[in-house]
Structures are given as C-alpha cells and as structure tokens.
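Quick look at upload30.tsv (TSV, C-alpha atoms):
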chain	number	residue	atom	x	y	z
A	184	MET	CA	-12.59	12.96	-23.26
A	185	THR	CA	-10.03	10.72	-21.55
A	186	ASN	CA	-10.89	7.71	-19.41
A	187	LYS	CA	-9.48	9.55	-16.41
A	188	GLN	CA	-11.77	12.52	-16.99
A	189	MET	CA	-14.79	10.22	-17.47
A	190	ILE	CA	-14.06	8.41	-14.21
A	191	PHE	CA	-13.55	11.73	-12.41
A	192	ASP	CA	-16.84	13.09	-13.74
A	193	LYS	CA	-18.68	9.97	-12.54
A	194	ALA	CA	-16.98	10.11	-9.14
A	195	LYS	CA	-18.14	13.70	-8.66
A	196	LEU	CA	-21.72	12.44	-8.87
A	197	LEU	CA	-21.26	10.22	-5.80
A	198	ASN	CA	-22.40	11.46	-2.42
A	199	PRO	CA	-19.65	12.61	-0.02
A	200	LEU	CA	-19.52	9.31	1.90
A	201	GLU	CA	-19.23	7.29	-1.31
A	202	ARG	CA	-16.44	9.58	-2.55
A	203	LEU	CA	-14.55	9.08	0.73
A	204	GLN	CA	-14.99	5.32	0.44
A	205	LEU	CA	-13.69	5.45	-3.14
A	206	ILE	CA	-10.67	7.50	-2.05
A	207	ASP	CA	-9.96	5.05	0.76
A	208	ALA	CA	-10.18	2.10	-1.62
A	209	LEU	CA	-7.84	3.79	-4.10
A	210	LEU	CA	-5.32	4.65	-1.38
A	211	GLU	CA	-5.31	1.05	-0.17
A	212	THR	CA	-4.19	-0.05	-3.63
A	213	LEU	CA	-1.15	2.22	-3.32
A	214	ASP	CA	-0.06	1.39	0.21
A	215	LYS	CA	-1.14	-1.94	1.60
A	216	PRO	CA	-1.09	-2.05	5.41
A	217	ASN	CA	1.58	-4.22	6.96
A	218	PRO	CA	-0.07	-6.47	9.59
A	219	GLU	CA	3.10	-6.57	11.71
A	220	ILE	CA	3.36	-2.78	11.79
A	221	GLU	CA	-0.35	-2.53	12.61
A	222	LYS	CA	0.16	-4.90	15.58
A	223	LEU	CA	3.09	-2.81	16.81
A	224	TRP	CA	1.04	0.41	16.59
A	225	ILE	CA	-1.83	-1.20	18.51
A	226	LYS	CA	0.60	-2.33	21.21
A	227	GLU	CA	2.13	1.16	21.38
A	228	SER	CA	-1.29	2.80	21.51
A	229	ASP	CA	-2.41	0.50	24.33
A	230	ALA	CA	0.80	1.21	26.27
A	231	ARG	CA	0.38	4.96	25.89
A	232	TYR	CA	-3.26	4.81	26.98
A	233	GLU	CA	-2.36	2.76	30.06
A	234	ALA	CA	0.41	5.24	30.92
A	235	TYR	CA	-2.08	8.11	30.53
A	236	LYS	CA	-4.60	6.42	32.83
A	237	LYS	CA	-1.87	5.92	35.46
A	238	GLY	CA	-0.87	9.58	35.23
A	239	GLU	CA	2.51	8.71	33.74
A	240	LEU	CA	1.75	10.47	30.47
A	241	LYS	CA	0.42	13.99	30.16
A	242	ALA	CA	-2.15	14.83	27.47
A	243	THR	CA	-2.07	18.09	25.54
A	244	ASP	CA	-5.27	20.00	24.88
A	245	TRP	CA	-6.31	19.98	21.21
A	246	GLU	CA	-6.63	23.79	21.12
A	247	GLU	CA	-3.02	24.08	22.31
A	248	VAL	CA	-1.81	21.72	19.60
A	249	LYS	CA	-3.68	23.66	16.90
A	250	LYS	CA	-2.09	26.93	18.05
A	251	ARG	CA	1.37	25.47	17.48
A	252	TYR	CA	0.65	24.91	13.80
A	253	GLU	CA	-1.35	28.01	12.90
Any chance you could give the structure as structure tokens?
Amino acid sequence: MTNKQMIFDKAKLLNPLERLQLIDALLETLDKPNPEIEKLWIKESDARYEAYKKGELKATDWEEVKKRYE
C-alpha cells in the first residue's frame, strides 16, 4: 500500500467537518491568499453592498440564477 493510499484511508475515517478542514488546509498549501487582493475584494464587496442598500444595484433571486445553469 502506498503512502498516499494510507493517508487517504485514514482521512476517510475523519468526520465530515474534519475532512473539510483537512481539504481547506491542503488547498491553502497550493494557493496562498494574497493579502492585497483580499483587501481589494473586501473593498469591492463593501461598495457593492452599499450600492445595493441605496437601490443602485439590483439583486437576482437565487432560484433565477440556478435556472440559468441547469
């Protein structure tokens, strides 16, 4: 049995939350967040939310969005 298979077998024994945490930790090792990009996304998110509250930005119902991709 390979090391990869042994690790996979052990991971399958974890509860769902622990498996998600393991996946998240593994993904972080592949793609480290860029703090500058994170700041820009926060700024953009805040701006969009403010525009929505002022009625300058229209929201789309989740059910409508799902229909587009079914």
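For the atom pair formed by atom CA of A:Glu239 and atom CA of A:Glu227, the distance is 14.5 Å, given to one decimal.
Note that atom CA of A:Glu247 and atom CA of A:Ala234 are 21.0 Å apart.
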Give me the box for stretch 240-245 of chain A as lines of an AutoDock Vina configuration file, namely the centre and edge lengths in Å to one decimal of a box along x, y and z that holds every listed atom plus 4 Å on each side.
center_x = -2.3
center_y = 15.2
center_z = 25.8
size_x = 16.1
size_y = 17.5
size_z = 17.3
(request) Quick one: pull the distance between atom CA of A:Asp192 and atom CA of A:Leu210, Å, one decimal. (result) 18.9 Å
